[in-house]
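Scroll down for the structure; my scribbles are underneath it.
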Amino acid sequence: MVKSENDKAGSKLPYRRIVAKFGTSLLTGGSAHLDEAMMSRLVAQAAQLHQQEREVVIVSSGAIALGIDKLGLTRKLKGIPFKQVMAAVGQNRLMQTYEQLFSRYNIPVAQALLTKADLSDRAGYLNARNTLLALLELRVVCIVNENDVVAVDELDGARFGDNDNLSAMVANLIDADLLMILTDAAGLCTADPHCNPDARLITQVERIDSDIECLATGASSKLGTGGMVTKIEAARLATASGVTVVIADGKDKDVILRLASGEAVGTRFLPAASKLESRKRWMLSDLCTRGKLVVDAGAALALQTHHRSLLAAGIRQVEGDFQRGDVVSICDPDGVRIACGITNYASGDIDAIKSMHSGKISSVLGHDYGSEIVHRNNLVVF
Ligand code: GLU
C-alpha cells in the first residue's frame with residue numbers, strides 16, 4: 001500500500017473528492033454494445049465510495065457508441081455531423097443505464113453536459129463549479145460528458161476533443177483530490193507491451209517531462225494516437241492544479257476501491273503543486289483580480305477564523321468594475337488584503353446591496369444568485 005499525501009496530512013480518507021473517468025473502450029469492452037456487466041461493476045465500486053462518505057463525480061464517454069448501436073448504423077450519415085447526432089441519441093441511453101444501476105444503491109444521479117467554451121467563460125465556470133459542488137453537497141453522483149451536440153469539431157479550440165481533457169478540467173473545477181482515468185490498458189509503459197516483451201509499467205511519474213511525452217507519442221506505441229497522448233495531456237493539466245492522477249485498467253478487480261485507498265495500481269502522476277497553492281496562484285495573478293471589496297471587522301473575522309461565506313451585510317465598499325464570475329480581492333477595514341475569491345455578483349449589484357440583509361437581494365436587484373456574495377467554496381483566505 002502506498003501512503004497518499006492526504007494520509008500524511010492526517011485526513012480520515014486518503015482521497016475524499018474523486019473524479020473517475022470511464023472511456024468508451026472500457027464501457028463497451030471494444031464491442032459495438034455497452035458491456036452492462038462491466039458498467040455494473042464500475043457503478044458498484046463508485047457506490048461503495050459514495051457510501052464511505054466520499055464525493056464522486058463520473059466523467060463518462062460512450063454516448064456516440066451507444067447512439068450508433070441504438071440506430072443500428074454502420075456507415076456515416078451524409079451531410080450531418082455524424083458523431084453529434086449519435087451522441088444525441090446515445091446520451092439518453094447512457095444516462096438511463098447509470099440511473100438504473102445507481103438506483104440499486106438508492107443513489108440519485110445527475111447529468112452535466114459541458115463544453116470547453118462553457119468553462120472558459122467566467123460566469124460559465126462559476127455556474128458549473130457552483131452546481132457541481134452543490135450536487136456533491138446533496139450527495140448526488142453527477143455524470144459528466146462533453147456536450148457533443150454543440151461542441152462542433154470545426155470550432156477550433158472550443159472543443160475538449162476528448163473526455164480525458166474534460167475529466168482534468170472537471171477535476172480542476174471541483175478541486176478534486178484524485179482523478180482516475182480508467183481505460184483498457186494497464187497504464188503508461190516504457191514501450192508498447194503488444195510488441196515489446198521488455199515493456200514494463202511505469203508505476204509513478206513525479207513530473208511530466210519530454211521523456212514521458214515521448215513515451216505517449218512514440219511511434220512504436222499502439223496507445224500513442226488519441227490514447228495515451230490525451231491521457232498525458234489530461235494528467236499534466238490536472239497535476240498542475242494539485243490533483244493526483246492515475247491511469248489504470250478499469251477491468252482490474254476493485255480497481256476504483258483500491259485506487260481510492262491509495263494502493264499503487266496503474267501509473268500514478270504526482271501533483272505538481274498543492275491544491276491551495278494552485279488556486280491561490282490563479283486567484284492572485286493580476287490578470288484575474290478585477291476589483292476589491294472592503295468588509296467590516298465582523299465579516300473579516302468570519303472569513304478568517306470561521307471559514308464563512310461573504311454576505312452583503314458585511315460589505316462596506318466596492319471598488320472596480322467587475323462581473324459575476326470575476327476574481328476580487330477582499331480587504332479588511334484597514335485596507336489589508338485578507339482573502340480573494342470568485343464573486344457571485346457584479347460590482348454594480350454589490351454596490352446596491354452592500355450592508356443589507358441577504359433577504360433583500362431579490363427585491364433590490366430583481367434577481368438573486370444566492371445569499372453569498374462570495375461563497376466559501378470559492379474563497380482563498382490568507
Ligand atoms: N463524448 C464522447 C462520447 O460520449 C466521447 C469522447 C471521448 O471518448 O473522449 O461518446
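For the C-alpha cells, the naming scheme is as follows: chains receive sequential letters (A, B, ...) according to their order of presentation, residues are indexed from 1 within each chain, and ligands are indexed from 1 in presentation order.
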
As a compact mmCIF listing (two decimals) with all heavy atoms, in the first residue's frame, please: every protein or nucleic acid residue near ligand 1 (cut-off 9 Å, counting only C-alpha atoms and all ligand atoms).
```
# COMPACT_ATOMS: atom_id res chain seq x y z
N PHE A 22 -14.51 7.10 -17.26
CA PHE A 22 -14.66 5.80 -17.92
C PHE A 22 -14.64 6.03 -19.43
O PHE A 22 -15.48 6.76 -19.97
CB PHE A 22 -16.00 5.14 -17.56
CG PHE A 22 -16.25 4.99 -16.07
CD1 PHE A 22 -17.55 4.98 -15.57
CD2 PHE A 22 -15.20 4.85 -15.16
CE1 PHE A 22 -17.79 4.84 -14.20
CE2 PHE A 22 -15.44 4.71 -13.79
CZ PHE A 22 -16.73 4.71 -13.32
N GLY A 23 -13.71 5.40 -20.10
CA GLY A 23 -13.61 5.56 -21.56
C GLY A 23 -14.56 4.63 -22.30
O GLY A 23 -15.03 3.63 -21.75
N THR A 24 -14.79 4.96 -23.56
CA THR A 24 -15.70 4.16 -24.39
C THR A 24 -15.25 2.70 -24.48
O THR A 24 -16.06 1.78 -24.32
CB THR A 24 -15.80 4.75 -25.82
OG1 THR A 24 -16.27 6.09 -25.72
CG2 THR A 24 -16.74 3.95 -26.70
N SER A 25 -13.94 2.49 -24.69
CA SER A 25 -13.49 1.11 -24.89
C SER A 25 -13.69 0.28 -23.63
O SER A 25 -13.95 -0.93 -23.70
CB SER A 25 -12.03 1.08 -25.34
OG SER A 25 -11.27 1.84 -24.44
N SER A 60 -18.15 10.24 -18.07
CA SER A 60 -18.39 9.03 -18.85
C SER A 60 -18.49 9.30 -20.35
O SER A 60 -19.24 10.15 -20.79
CB SER A 60 -19.69 8.36 -18.38
OG SER A 60 -19.93 7.21 -19.15
N SER A 61 -17.74 8.52 -21.09
CA SER A 61 -17.88 8.51 -22.54
C SER A 61 -18.94 7.46 -22.87
O SER A 61 -19.59 6.94 -21.98
CB SER A 61 -16.55 8.10 -23.19
OG SER A 61 -15.53 8.97 -22.77
N GLY A 62 -19.06 7.16 -24.13
CA GLY A 62 -19.95 6.06 -24.53
C GLY A 62 -21.19 6.49 -25.28
O GLY A 62 -21.88 5.65 -25.86
N ALA A 63 -21.50 7.81 -25.27
CA ALA A 63 -22.74 8.26 -25.90
C ALA A 63 -22.75 7.96 -27.41
O ALA A 63 -23.73 7.44 -27.95
CB ALA A 63 -22.95 9.75 -25.66
N ILE A 64 -21.63 8.25 -28.06
CA ILE A 64 -21.58 8.06 -29.52
C ILE A 64 -21.72 6.58 -29.86
O ILE A 64 -22.53 6.19 -30.71
CB ILE A 64 -20.27 8.66 -30.10
CG1 ILE A 64 -20.25 10.18 -29.85
CG2 ILE A 64 -20.11 8.33 -31.57
CD1 ILE A 64 -18.94 10.88 -30.17
N ALA A 65 -20.97 5.76 -29.13
CA ALA A 65 -21.04 4.31 -29.38
C ALA A 65 -22.46 3.78 -29.16
O ALA A 65 -22.96 2.97 -29.95
CB ALA A 65 -20.05 3.58 -28.46
N LEU A 66 -23.12 4.26 -28.11
CA LEU A 66 -24.48 3.78 -27.84
C LEU A 66 -25.48 4.27 -28.88
O LEU A 66 -26.42 3.56 -29.21
CB LEU A 66 -24.94 4.25 -26.45
CG LEU A 66 -24.27 3.57 -25.27
CD1 LEU A 66 -24.91 3.98 -23.97
CD2 LEU A 66 -24.34 2.06 -25.42
N GLY A 67 -25.26 5.48 -29.38
CA GLY A 67 -26.14 6.02 -30.43
C GLY A 67 -26.04 5.17 -31.69
O GLY A 67 -27.06 4.80 -32.30
N LYS A 83 -21.10 12.15 -35.52
CA LYS A 83 -20.87 11.88 -34.10
C LYS A 83 -21.83 12.67 -33.22
O LYS A 83 -22.26 12.20 -32.17
CB LYS A 83 -19.44 12.24 -33.73
CG LYS A 83 -18.44 11.23 -34.24
CD LYS A 83 -17.07 11.59 -33.74
CE LYS A 83 -16.06 10.56 -34.19
NZ LYS A 83 -14.70 10.95 -33.84
N GLN A 84 -22.13 13.91 -33.65
CA GLN A 84 -23.02 14.74 -32.84
C GLN A 84 -24.42 14.13 -32.78
O GLN A 84 -25.06 14.11 -31.74
CB GLN A 84 -23.07 16.15 -33.41
CG GLN A 84 -21.76 16.86 -33.17
CD GLN A 84 -21.72 18.20 -33.83
OE1 GLN A 84 -21.74 18.29 -35.05
NE2 GLN A 84 -21.67 19.22 -33.04
N MET A 86 -25.19 10.96 -33.26
CA MET A 86 -25.15 9.71 -32.50
C MET A 86 -25.06 9.98 -30.99
O MET A 86 -25.66 9.28 -30.18
CB MET A 86 -23.94 8.85 -32.94
CG MET A 86 -24.06 8.32 -34.35
SD MET A 86 -25.62 7.48 -34.63
CE MET A 86 -26.37 8.54 -35.82
N ALA A 87 -24.31 11.05 -30.63
CA ALA A 87 -24.21 11.39 -29.21
C ALA A 87 -25.58 11.80 -28.67
O ALA A 87 -25.95 11.43 -27.55
CB ALA A 87 -23.21 12.53 -29.01
N GLY A 90 -27.43 8.57 -28.17
CA GLY A 90 -26.87 7.64 -27.19
C GLY A 90 -26.78 8.17 -25.77
O GLY A 90 -26.80 7.39 -24.81
N GLN A 91 -26.67 9.48 -25.60
CA GLN A 91 -26.51 10.05 -24.26
C GLN A 91 -27.68 9.65 -23.35
O GLN A 91 -27.52 9.35 -22.18
CB GLN A 91 -26.41 11.60 -24.36
CG GLN A 91 -26.24 12.31 -23.03
CD GLN A 91 -24.94 11.95 -22.31
OE1 GLN A 91 -23.95 11.58 -22.92
NE2 GLN A 91 -24.97 12.04 -20.99
N LEU A 94 -27.27 6.15 -22.24
CA LEU A 94 -26.16 6.09 -21.27
C LEU A 94 -26.67 6.49 -19.89
O LEU A 94 -26.43 5.82 -18.89
CB LEU A 94 -25.04 7.04 -21.75
CG LEU A 94 -23.72 7.02 -21.01
CD1 LEU A 94 -23.03 5.68 -21.17
CD2 LEU A 94 -22.79 8.13 -21.53
N ASN A 145 -20.47 14.46 -19.26
CA ASN A 145 -19.94 14.11 -20.58
C ASN A 145 -19.78 15.42 -21.35
O ASN A 145 -20.29 16.46 -20.94
CB ASN A 145 -20.89 13.16 -21.32
CG ASN A 145 -20.23 12.47 -22.53
OD1 ASN A 145 -19.07 12.76 -22.88
ND2 ASN A 145 -20.96 11.57 -23.17
N GLU A 146 -19.06 15.36 -22.43
CA GLU A 146 -18.97 16.55 -23.26
C GLU A 146 -20.31 16.76 -23.96
O GLU A 146 -20.99 15.79 -24.32
CB GLU A 146 -17.87 16.38 -24.31
CG GLU A 146 -17.72 17.63 -25.14
CD GLU A 146 -16.43 17.66 -25.92
OE1 GLU A 146 -15.86 16.58 -26.15
OE2 GLU A 146 -16.01 18.77 -26.29
N ASN A 147 -20.71 18.01 -24.10
CA ASN A 147 -21.94 18.29 -24.83
C ASN A 147 -21.64 18.24 -26.32
O ASN A 147 -21.47 19.25 -26.99
CB ASN A 147 -22.48 19.67 -24.42
CG ASN A 147 -23.89 19.88 -24.94
OD1 ASN A 147 -24.39 19.06 -25.72
ND2 ASN A 147 -24.52 20.94 -24.52
N ASP A 148 -21.59 17.01 -26.82
CA ASP A 148 -21.15 16.79 -28.22
C ASP A 148 -22.05 17.49 -29.23
O ASP A 148 -21.61 17.84 -30.32
CB ASP A 148 -21.12 15.29 -28.52
CG ASP A 148 -19.98 14.60 -27.80
OD1 ASP A 148 -18.83 15.03 -27.95
OD2 ASP A 148 -20.24 13.63 -27.07
N PHE A 160 -13.35 20.19 -26.29
CA PHE A 160 -12.40 19.45 -25.45
C PHE A 160 -11.70 18.43 -26.33
O PHE A 160 -10.54 18.16 -26.19
CB PHE A 160 -13.13 18.68 -24.35
CG PHE A 160 -13.63 19.55 -23.24
CD1 PHE A 160 -14.97 19.75 -23.07
CD2 PHE A 160 -12.74 20.15 -22.38
CE1 PHE A 160 -15.44 20.53 -22.05
CE2 PHE A 160 -13.20 20.94 -21.35
CZ PHE A 160 -14.56 21.15 -21.18
N GLY A 161 -12.51 17.84 -27.24
CA GLY A 161 -11.94 16.88 -28.17
C GLY A 161 -11.92 15.48 -27.59
O GLY A 161 -11.94 14.52 -28.32
N ASP A 162 -11.88 15.37 -26.33
CA ASP A 162 -11.82 14.05 -25.73
C ASP A 162 -12.18 14.17 -24.26
O ASP A 162 -11.99 15.21 -23.66
CB ASP A 162 -10.42 13.47 -25.89
CG ASP A 162 -9.43 14.32 -25.14
OD1 ASP A 162 -9.23 14.07 -23.95
OD2 ASP A 162 -8.87 15.26 -25.74
N ASN A 163 -12.70 13.08 -23.74
CA ASN A 163 -13.13 13.13 -22.35
C ASN A 163 -11.97 13.05 -21.36
O ASN A 163 -12.16 13.27 -20.17
CB ASN A 163 -14.13 12.00 -22.08
CG ASN A 163 -15.54 12.40 -22.50
OD1 ASN A 163 -15.74 13.49 -23.04
ND2 ASN A 163 -16.50 11.53 -22.25
N ASP A 164 -10.76 12.73 -21.84
CA ASP A 164 -9.60 12.76 -20.93
C ASP A 164 -9.37 14.20 -20.47
O ASP A 164 -9.29 14.48 -19.28
CB ASP A 164 -8.34 12.24 -21.63
CG ASP A 164 -8.45 10.76 -21.96
OD1 ASP A 164 -9.08 10.03 -21.18
OD2 ASP A 164 -7.93 10.34 -23.01
N ASN A 165 -9.30 15.12 -21.45
CA ASN A 165 -9.09 16.52 -21.09
C ASN A 165 -10.29 17.07 -20.31
O ASN A 165 -10.12 17.86 -19.38
CB ASN A 165 -8.81 17.36 -22.34
CG ASN A 165 -7.34 17.32 -22.68
OD1 ASN A 165 -6.50 17.82 -21.93
ND2 ASN A 165 -7.00 16.71 -23.80
N LEU A 166 -11.48 16.65 -20.69
CA LEU A 166 -12.68 17.09 -19.95
C LEU A 166 -12.58 16.67 -18.49
O LEU A 166 -12.87 17.44 -17.58
CB LEU A 166 -13.94 16.50 -20.60
CG LEU A 166 -15.26 16.72 -19.85
CD1 LEU A 166 -15.59 18.20 -19.74
CD2 LEU A 166 -16.42 16.00 -20.55
N GLY A 226 -4.26 9.34 -29.83
CA GLY A 226 -5.60 9.50 -29.27
C GLY A 226 -5.81 8.66 -28.03
O GLY A 226 -6.84 8.72 -27.40
N THR A 230 -3.69 11.98 -25.12
CA THR A 230 -4.68 12.83 -24.44
C THR A 230 -4.70 12.54 -22.93
O THR A 230 -5.01 13.43 -22.14
CB THR A 230 -6.08 12.63 -25.04
OG1 THR A 230 -6.39 11.24 -25.02
CG2 THR A 230 -6.16 13.17 -26.45
```

All alpha helix (DSSP H) residues (DSSP, backbone) inside region 221-264 of chain A, as a PyMOL selection string: chain A and resi 229-240+255-260

All residues 12 Å or closer to region 346-348 of chain A, only C-alpha atoms, same chain fewer than 5 positions away omitted, as a PyMOL selection string: chain A and resi 122-123+290-293+312+315+317-328+353-354+364-365+367-369+373-374

Shell around Arg200 (chain A) at 9 Å using only C-alpha atoms, local window under 3 positions removed, as a list in words: Leu188, Cys189, Thr190, Ala191, Asp192, Pro193 and Pro197 of chain A

Okay, now the selection with N, CA and C atoms, as an mmCIF file, in the first residue's frame?
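Output saved as part_28.cif:
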```cif
data_model
loop_
_atom_site.group_PDB
_atom_site.id
_atom_site.type_symbol
_atom_site.label_atom_id
_atom_site.label_comp_id
_atom_site.auth_asym_id
_atom_site.auth_seq_id
_atom_site.Cartn_x
_atom_site.Cartn_y
_atom_site.Cartn_z
ATOM 1 N N LEU A 188 0.780 3.698 -18.279
ATOM 2 C CA LEU A 188 1.836 4.112 -19.212
ATOM 3 C C LEU A 188 3.006 3.125 -19.096
ATOM 4 N N CYS A 189 3.439 2.609 -20.258
ATOM 5 C CA CYS A 189 4.527 1.623 -20.247
ATOM 6 C C CYS A 189 5.786 2.201 -20.893
ATOM 7 N N THR A 190 6.910 1.551 -20.639
ATOM 8 C CA THR A 190 8.191 2.015 -21.201
ATOM 9 C C THR A 190 8.261 1.757 -22.706
ATOM 10 N N ALA A 191 7.415 0.882 -23.208
ATOM 11 C CA ALA A 191 7.345 0.594 -24.643
ATOM 12 C C ALA A 191 5.963 -0.009 -24.901
ATOM 13 N N ASP A 192 5.672 -0.293 -26.156
ATOM 14 C CA ASP A 192 4.363 -0.879 -26.458
ATOM 15 C C ASP A 192 4.334 -2.339 -25.994
ATOM 16 N N PRO A 193 3.534 -2.645 -24.995
ATOM 17 C CA PRO A 193 3.523 -4.017 -24.464
ATOM 18 C C PRO A 193 3.026 -5.048 -25.479
ATOM 19 N N PRO A 197 8.305 -7.375 -25.556
ATOM 20 C CA PRO A 197 8.180 -8.184 -24.336
ATOM 21 C C PRO A 197 8.882 -7.546 -23.135
#
```

Residue nearest Gln304 (chain A) among A:Val381, A:Ser371, A:Gly29, A:Asn344 (counting only C-alpha atoms):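 Among A:Val381, A:Ser371, A:Gly29, A:Asn344, it is A:Val381 that comes nearest to Gln304 (chain A).
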
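Neighbouring residues of region 251-267 of chain A at 8 Å or closer, counting only C-alpha atoms and skipping chain neighbours under 5 positions away, are Met1, Val2, Lys3, Ser4, Leu13, Pro14, Tyr15, Ile18, Leu26, Met38, Leu42, Gln45, Ala46, Gln48, Leu49, Leu178, Met180, Thr183, Asp184, Ala186, Gly187, Leu188, Leu201, Ile202, Thr203, Gln204, Val205 and Val246 of chain A.
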
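What separates CA of Leu136 (chain A) from CA of Ile361 (chain A) is a distance of 25.9 Å.
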
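With only C-alpha atoms taken into account, the protein and nucleic acid residues at most 10 Å from Ala47 (chain A) (excluding it and anything under 4 positions from it in its own chain) are Arg41, Leu42, Val43, Gln51, Gln52, Arg54, Val56, Leu101, Phe102, Ser103, Arg104, Tyr105, Asn106, Ile107 and Val141 of chain A.
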
Go ahead and write the residues just picked, C-alpha atoms, as a PDB file, in the first residue's frame.
```
ATOM      1  CA  ARG A  41     -19.056  -3.402 -11.556  1.00  0.00           C
ATOM      2  CA  LEU A  42     -17.798   0.170 -12.007  1.00  0.00           C
ATOM      3  CA  VAL A  43     -21.011   1.615 -10.565  1.00  0.00           C
ATOM      4  CA  GLN A  51     -21.343   5.144   0.951  1.00  0.00           C
ATOM      5  CA  GLN A  52     -17.946   5.745   2.591  1.00  0.00           C
ATOM      6  CA  ARG A  54     -16.562  10.217  -0.253  1.00  0.00           C
ATOM      7  CA  VAL A  56     -17.663  11.011  -6.549  1.00  0.00           C
ATOM      8  CA  LEU A 101     -27.572   0.982 -11.881  1.00  0.00           C
ATOM      9  CA  PHE A 102     -27.216   3.653  -9.162  1.00  0.00           C
ATOM     10  CA  SER A 103     -30.870   3.209  -8.120  1.00  0.00           C
ATOM     11  CA  ARG A 104     -29.882  -0.254  -6.790  1.00  0.00           C
ATOM     12  CA  TYR A 105     -27.953   1.649  -4.117  1.00  0.00           C
ATOM     13  CA  ASN A 106     -30.571   4.414  -3.715  1.00  0.00           C
ATOM     14  CA  ILE A 107     -28.095   6.948  -5.025  1.00  0.00           C
ATOM     15  CA  VAL A 141     -23.491  11.468  -8.186  1.00  0.00           C
TER      16      VAL A 141
END
```

Nearest residue to Ala302 (chain A) from the set A:Leu135, A:Ile338, A:Val170, A:Leu73 (distances using only C-alpha atoms):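 Of the candidates, the smallest distance to Ala302 (chain A) is held by A:Ile338.
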
One-decimal distance in Å that lies between CA of Asn130 (chain A) and CA of Ala313 (chain A): 21.5 Å

Backbone-only DSSP, strand (DSSP E) members of region 166-329 of chain A, as an MDAnalysis selection string: chainID A and resid 178:183 204:205 244:249 267:269 289:295 310:311 315:319 327:329

How about saving the chosen residues, N, CA and C atoms kept, as a short mmCIF file (atom, residue, chain, number, x, y, z; two decimals), in the first residue's frame?
```cif
data_model
loop_
_atom_site.label_atom_id
_atom_site.label_comp_id
_atom_site.auth_asym_id
_atom_site.auth_seq_id
_atom_site.Cartn_x
_atom_site.Cartn_y
_atom_site.Cartn_z
N LEU A 178 -8.33 13.33 -6.35
CA LEU A 178 -7.83 12.25 -7.21
C LEU A 178 -8.64 12.18 -8.50
N LEU A 179 -7.93 12.04 -9.61
CA LEU A 179 -8.58 11.78 -10.91
C LEU A 179 -8.14 10.40 -11.36
N MET A 180 -9.12 9.50 -11.55
CA MET A 180 -8.81 8.16 -12.07
C MET A 180 -9.21 8.13 -13.53
N ILE A 181 -8.25 7.93 -14.42
CA ILE A 181 -8.58 7.79 -15.84
C ILE A 181 -8.58 6.29 -16.11
N LEU A 182 -9.77 5.73 -16.20
CA LEU A 182 -9.86 4.27 -16.34
C LEU A 182 -10.06 3.90 -17.79
N THR A 183 -9.19 3.00 -18.23
CA THR A 183 -9.18 2.65 -19.64
C THR A 183 -9.05 1.13 -19.77
N GLN A 204 5.00 5.17 -11.24
CA GLN A 204 4.87 6.53 -10.71
C GLN A 204 5.61 7.54 -11.56
N VAL A 205 4.97 8.66 -11.84
CA VAL A 205 5.61 9.74 -12.58
C VAL A 205 5.61 10.97 -11.69
N THR A 244 -3.94 14.52 -7.84
CA THR A 244 -3.20 13.28 -8.14
C THR A 244 -3.96 12.57 -9.26
N VAL A 245 -3.24 12.06 -10.24
CA VAL A 245 -3.91 11.41 -11.38
C VAL A 245 -3.40 9.97 -11.49
N VAL A 246 -4.31 9.05 -11.77
CA VAL A 246 -3.88 7.68 -12.04
C VAL A 246 -4.50 7.22 -13.35
N ILE A 247 -3.68 6.62 -14.20
CA ILE A 247 -4.21 5.95 -15.40
C ILE A 247 -4.13 4.46 -15.10
N ALA A 248 -5.27 3.80 -15.15
CA ALA A 248 -5.26 2.38 -14.78
C ALA A 248 -6.28 1.62 -15.61
N ASP A 249 -6.18 0.30 -15.52
CA ASP A 249 -7.09 -0.57 -16.26
C ASP A 249 -8.39 -0.73 -15.47
N THR A 267 -0.50 3.71 -13.48
CA THR A 267 0.53 4.75 -13.42
C THR A 267 -0.02 5.95 -12.65
N ARG A 268 0.72 6.32 -11.62
CA ARG A 268 0.27 7.41 -10.76
C ARG A 268 1.12 8.64 -11.05
N PHE A 269 0.46 9.78 -11.25
CA PHE A 269 1.14 11.05 -11.52
C PHE A 269 0.97 11.93 -10.30
N THR A 289 -7.54 39.39 -10.99
CA THR A 289 -8.22 40.16 -9.95
C THR A 289 -8.78 41.45 -10.54
N ARG A 290 -10.09 41.58 -10.51
CA ARG A 290 -10.73 42.70 -11.22
C ARG A 290 -11.22 43.81 -10.31
N GLY A 291 -11.28 43.56 -9.01
CA GLY A 291 -11.84 44.60 -8.14
C GLY A 291 -11.60 44.27 -6.68
N LYS A 292 -12.19 45.09 -5.84
CA LYS A 292 -11.91 44.96 -4.41
C LYS A 292 -13.20 45.16 -3.60
N LEU A 293 -13.36 44.35 -2.56
CA LEU A 293 -14.48 44.53 -1.64
C LEU A 293 -13.87 44.83 -0.28
N VAL A 294 -14.28 45.95 0.34
CA VAL A 294 -13.80 46.24 1.69
C VAL A 294 -14.90 45.80 2.65
N VAL A 295 -14.51 44.97 3.62
CA VAL A 295 -15.52 44.41 4.53
C VAL A 295 -15.33 44.96 5.94
N LEU A 310 -18.86 35.18 2.34
CA LEU A 310 -19.01 36.63 2.50
C LEU A 310 -20.42 37.03 2.09
N LEU A 311 -21.13 37.68 3.02
CA LEU A 311 -22.50 38.11 2.75
C LEU A 311 -22.52 39.62 2.52
N ILE A 315 -20.28 43.93 3.79
CA ILE A 315 -19.50 44.68 2.79
C ILE A 315 -19.74 46.18 2.96
N ARG A 316 -18.65 46.94 3.07
CA ARG A 316 -18.73 48.39 3.26
C ARG A 316 -18.52 49.15 1.96
N GLN A 317 -17.63 48.64 1.12
CA GLN A 317 -17.22 49.42 -0.05
C GLN A 317 -16.89 48.50 -1.23
N VAL A 318 -17.21 48.96 -2.43
CA VAL A 318 -16.90 48.18 -3.64
C VAL A 318 -16.00 49.03 -4.53
N GLU A 319 -14.91 48.46 -4.99
CA GLU A 319 -14.02 49.20 -5.90
C GLU A 319 -13.81 48.41 -7.17
N VAL A 327 -12.64 37.36 -10.31
CA VAL A 327 -11.96 37.21 -9.02
C VAL A 327 -11.77 38.59 -8.41
N VAL A 328 -12.12 38.73 -7.14
CA VAL A 328 -11.96 40.03 -6.47
C VAL A 328 -11.11 39.85 -5.21
N SER A 329 -10.45 40.95 -4.82
CA SER A 329 -9.72 40.94 -3.54
C SER A 329 -10.68 41.34 -2.44
#
```

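Using only C-alpha atoms, the contacts of Thr305 (chain A) at a cut-off of 12 Å, with sequence neighbours closer than 4 positions omitted, comprise Ala297, Gly298, Ala299, Ala300, Leu301, Ser309, Ile338, Ala339, Val381 and Phe382 of chain A.
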
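Residue nearest Gln96 (chain A), chosen from A:Val109, A:Ala44, A:Ala238, A:Ile208 and counting only C-alpha atoms: A:Val109.
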
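Atom pair CA of Ala235 (chain A) / CA of Ile58 (chain A): separated by 16.3 Å.
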